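Undergrad: Pasting a structure here, questions to come.
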Amino acid sequence: MSIYKIGYIIKQRREELRYTQEELAEGICSVTTLSRIENGERLPSKDNFEMLFQRLGISDTILFESVDENTLYLHELKFKIRQAVINYRYAEAQELIRDYAAKTDMGSPVERQFVLINSTLANKKDYSPEERLSRFEEAILLTCPKYTDGYIPRLLTYEEIIILNNIAGCYHDKKEYKKAIRILSALKLHYDNNAVNREENLRTQTMVLYNLSKCLGLDGQYSECIEICDLGIRIARETGRCRLLDEMLYNRAWSLIRRKHPGDMEQAEEAAKQAYCAAVAMADDEASEYFKNFIIKTFPELKLLLFFI
């Protein structure tokens, strides 16, 4: 792809989303460098290319149309690390992270950020919530130097979304729900503004919505929790990404029971049954057992029905 075309794509998308050069360049490069890229005067580095495209919601797949063997290997290794962490295969993730760190440029803030995030997640049991929070904040500051828990940048990369979601998770663990809600609500707004490409959207949106619904419920904001659950359930069903569908159905039932509006108990019963069925369909034995016990305790008249599901 020509230098000019890359710059044109970046500028066109930035202006379409009504972001300033300062917002897009923050933590990536100087405004002067971004201006030169947009004007076709220079080519962004690989790290800058990925981050600029991700923040603008453009797929960076095109970067790998013509790459050397080592770059492609590292790209695949990143994917394997993410999958190992997502699926709780922490020993495997730790080994892959060591391999990645040995083969990449650890002088790059982007690479240091990736290793710091995933090594923290893969060794989660070794850190207290405070220690995890400190490490995640260190990671976000590598590319978002203006970040505070009161300021969330409007433009984010995939890695930055993961970090902020985990920062919110640390506040959840500390029972500081309003701080977690503020961060997760900012991430939801990020999706609402279409600033995430479809590939990343599918990977992260339901996760953010699930965590937001959980924190809203625990903070006593039951109607808001139900609204977010409804959105997450609809997206999960429309996209076929059902990994957290059962959990959001459960959150919906949990908040309906506590809200106590007319008809809420009937809706809660239906959501609880759907959560149990979804967990059974996904062969998640732990969740199935949890939801079954929840239903038996809350709706004892359904006990017999569970044996036929």
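Identifiers in the structure tokens: chain A, B, ... in order shown; residue index from 1 per chain; ligand index from 1 in order shown.
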Just the residues within 8 Å of Pro145 in chain A, please, counting only C-alpha atoms, with nothing from its chain fewer than 4 positions along; format it as number ranges by chain.
TA: A: 26-27, 140-141
Undergrad: Deliver the residues from the most recent selection as a file, using C-alpha atoms, as a PDB file, in the first residue's frame.
TA:
ATOM      1  CA  GLU A  26      -1.726  10.770  22.082  1.00  0.00           C
ATOM      2  CA  GLY A  27       0.772   8.198  23.332  1.00  0.00           C
ATOM      3  CA  ILE A 140      -2.131   2.055  30.163  1.00  0.00           C
ATOM      4  CA  LEU A 141       0.222   4.985  30.841  1.00  0.00           C
TER       5      LEU A 141
END
Undergrad: Applying 9 Å and only C-alpha atoms, which residues near Leu77 in chain A remain after dropping the ones on its own chain fewer than 5 positions away? List them as a list in words.
TA: Leu72, Arg82, Leu96, Ile97, Asp99 and Tyr100 of chain A
Undergrad: Assign secondary structure with DSSP using the backbone only, and return the residues of range 8-76 of chain A in helix (DSSP H, G or I) as a ChimeraX atom specification.
TA: /A:8-17,21-25,31-38,46-55,61-65,69-76
Undergrad: Mind dumping the selected residues with N, CA and C atoms as a short mmCIF file (atom, residue, chain, number, x, y, z; two decimals), in the first residue's frame?
TA:
data_model
loop_
_atom_site.label_atom_id
_atom_site.label_comp_id
_atom_site.auth_asym_id
_atom_site.auth_seq_id
_atom_site.Cartn_x
_atom_site.Cartn_y
_atom_site.Cartn_z
N TYR A 8 -4.04 8.92 3.69
CA TYR A 8 -5.38 9.35 3.28
C TYR A 8 -6.44 8.59 4.08
N ILE A 9 -6.26 7.27 4.24
CA ILE A 9 -7.21 6.45 4.99
C ILE A 9 -7.29 6.93 6.44
N ILE A 10 -6.13 7.18 7.04
CA ILE A 10 -6.09 7.63 8.44
C ILE A 10 -6.79 8.97 8.59
N LYS A 11 -6.45 9.91 7.72
CA LYS A 11 -7.04 11.25 7.81
C LYS A 11 -8.54 11.22 7.57
N GLN A 12 -8.96 10.48 6.55
CA GLN A 12 -10.39 10.42 6.22
C GLN A 12 -11.20 9.84 7.38
N ARG A 13 -10.71 8.74 7.97
CA ARG A 13 -11.42 8.11 9.08
C ARG A 13 -11.43 9.01 10.31
N ARG A 14 -10.29 9.67 10.60
CA ARG A 14 -10.22 10.56 11.76
C ARG A 14 -11.23 11.70 11.63
N GLU A 15 -11.29 12.29 10.46
CA GLU A 15 -12.22 13.41 10.24
C GLU A 15 -13.67 12.93 10.25
N GLU A 16 -13.90 11.72 9.75
CA GLU A 16 -15.25 11.15 9.76
C GLU A 16 -15.75 10.98 11.19
N LEU A 17 -14.84 10.56 12.09
CA LEU A 17 -15.20 10.36 13.50
C LEU A 17 -15.10 11.64 14.32
N GLN A 21 -6.22 15.65 15.65
CA GLN A 21 -4.92 14.98 15.52
C GLN A 21 -4.31 14.74 16.89
N GLU A 22 -4.52 15.68 17.83
CA GLU A 22 -3.98 15.52 19.18
C GLU A 22 -4.56 14.29 19.86
N GLU A 23 -5.88 14.06 19.71
CA GLU A 23 -6.51 12.90 20.32
C GLU A 23 -5.98 11.60 19.73
N LEU A 24 -5.86 11.55 18.42
CA LEU A 24 -5.40 10.33 17.77
C LEU A 24 -3.93 10.03 18.07
N ALA A 25 -3.12 11.08 18.11
CA ALA A 25 -1.67 10.90 18.26
C ALA A 25 -1.25 10.60 19.69
N VAL A 31 2.11 15.12 17.10
CA VAL A 31 1.13 15.63 16.15
C VAL A 31 1.80 15.93 14.81
N THR A 32 3.03 16.41 14.88
CA THR A 32 3.78 16.70 13.64
C THR A 32 3.99 15.43 12.82
N THR A 33 4.35 14.33 13.50
CA THR A 33 4.54 13.05 12.81
C THR A 33 3.23 12.58 12.19
N LEU A 34 2.13 12.67 12.95
CA LEU A 34 0.84 12.25 12.42
C LEU A 34 0.47 13.10 11.20
N SER A 35 0.73 14.39 11.28
CA SER A 35 0.41 15.28 10.15
C SER A 35 1.18 14.86 8.91
N ARG A 36 2.45 14.50 9.09
CA ARG A 36 3.27 14.06 7.95
C ARG A 36 2.75 12.74 7.39
N ILE A 37 2.30 11.84 8.27
CA ILE A 37 1.73 10.56 7.81
C ILE A 37 0.47 10.83 7.00
N GLU A 38 -0.42 11.67 7.53
CA GLU A 38 -1.68 11.96 6.85
C GLU A 38 -1.45 12.64 5.51
N LYS A 46 5.58 0.02 12.21
CA LYS A 46 4.62 -1.08 12.40
C LYS A 46 3.76 -0.83 13.64
N ASP A 47 4.39 -0.47 14.79
CA ASP A 47 3.63 -0.24 16.02
C ASP A 47 2.66 0.91 15.85
N ASN A 48 3.13 2.01 15.25
CA ASN A 48 2.26 3.16 15.05
C ASN A 48 1.11 2.83 14.11
N PHE A 49 1.42 2.06 13.08
CA PHE A 49 0.39 1.65 12.11
C PHE A 49 -0.73 0.90 12.84
N GLU A 50 -0.37 -0.10 13.62
CA GLU A 50 -1.36 -0.91 14.32
C GLU A 50 -2.20 -0.06 15.26
N MET A 51 -1.54 0.79 16.04
CA MET A 51 -2.26 1.57 17.04
C MET A 51 -3.16 2.62 16.39
N LEU A 52 -2.68 3.29 15.35
CA LEU A 52 -3.51 4.29 14.67
C LEU A 52 -4.75 3.64 14.07
N PHE A 53 -4.55 2.50 13.38
CA PHE A 53 -5.68 1.83 12.76
C PHE A 53 -6.66 1.30 13.80
N GLN A 54 -6.16 0.74 14.90
CA GLN A 54 -7.06 0.22 15.93
C GLN A 54 -7.85 1.34 16.58
N ARG A 55 -7.21 2.46 16.88
CA ARG A 55 -7.92 3.56 17.51
C ARG A 55 -9.00 4.15 16.60
N THR A 61 -5.54 -5.75 9.41
CA THR A 61 -5.17 -7.00 8.72
C THR A 61 -4.31 -6.72 7.50
N ILE A 62 -4.54 -5.59 6.85
CA ILE A 62 -3.81 -5.26 5.63
C ILE A 62 -2.30 -5.16 5.88
N LEU A 63 -1.93 -4.89 7.14
CA LEU A 63 -0.51 -4.80 7.48
C LEU A 63 0.21 -6.10 7.18
N PHE A 64 -0.52 -7.23 7.22
CA PHE A 64 0.12 -8.53 7.10
C PHE A 64 0.01 -9.12 5.70
N GLU A 65 -0.34 -8.26 4.74
CA GLU A 65 -0.37 -8.73 3.35
C GLU A 65 1.05 -8.99 2.83
N GLU A 69 8.93 -13.09 7.77
CA GLU A 69 8.53 -14.29 8.51
C GLU A 69 8.48 -14.04 10.00
N ASN A 70 9.42 -13.27 10.56
CA ASN A 70 9.45 -13.02 11.99
C ASN A 70 8.25 -12.20 12.45
N THR A 71 7.87 -11.19 11.66
CA THR A 71 6.71 -10.37 12.00
C THR A 71 5.45 -11.21 12.04
N LEU A 72 5.28 -12.08 11.06
CA LEU A 72 4.11 -12.94 11.02
C LEU A 72 4.11 -13.91 12.20
N TYR A 73 5.30 -14.43 12.56
CA TYR A 73 5.41 -15.35 13.69
C TYR A 73 4.98 -14.66 14.99
N LEU A 74 5.44 -13.42 15.18
CA LEU A 74 5.10 -12.68 16.40
C LEU A 74 3.61 -12.35 16.44
N HIS A 75 3.04 -12.06 15.28
CA HIS A 75 1.60 -11.78 15.21
C HIS A 75 0.81 -13.01 15.64
N GLU A 76 1.19 -14.17 15.15
CA GLU A 76 0.52 -15.42 15.52
C GLU A 76 0.75 -15.74 16.99
#
Undergrad: Rounded to one decimal in Å, what is the spacing between CA of His172 in chain A and CA of Arg98 in chain A?
TA: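 CA of Arg98 in chain A lies 29.4 Å from CA of His172 in chain A.
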Undergrad: Neighbours of Met265 in chain A within 9 Å (only C-alpha atoms; same-chain residues fewer than 6 positions away dropped), as a list in words?
TA: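 The residues satisfying every condition are Ala253, Leu256 and Ile257 of chain A.
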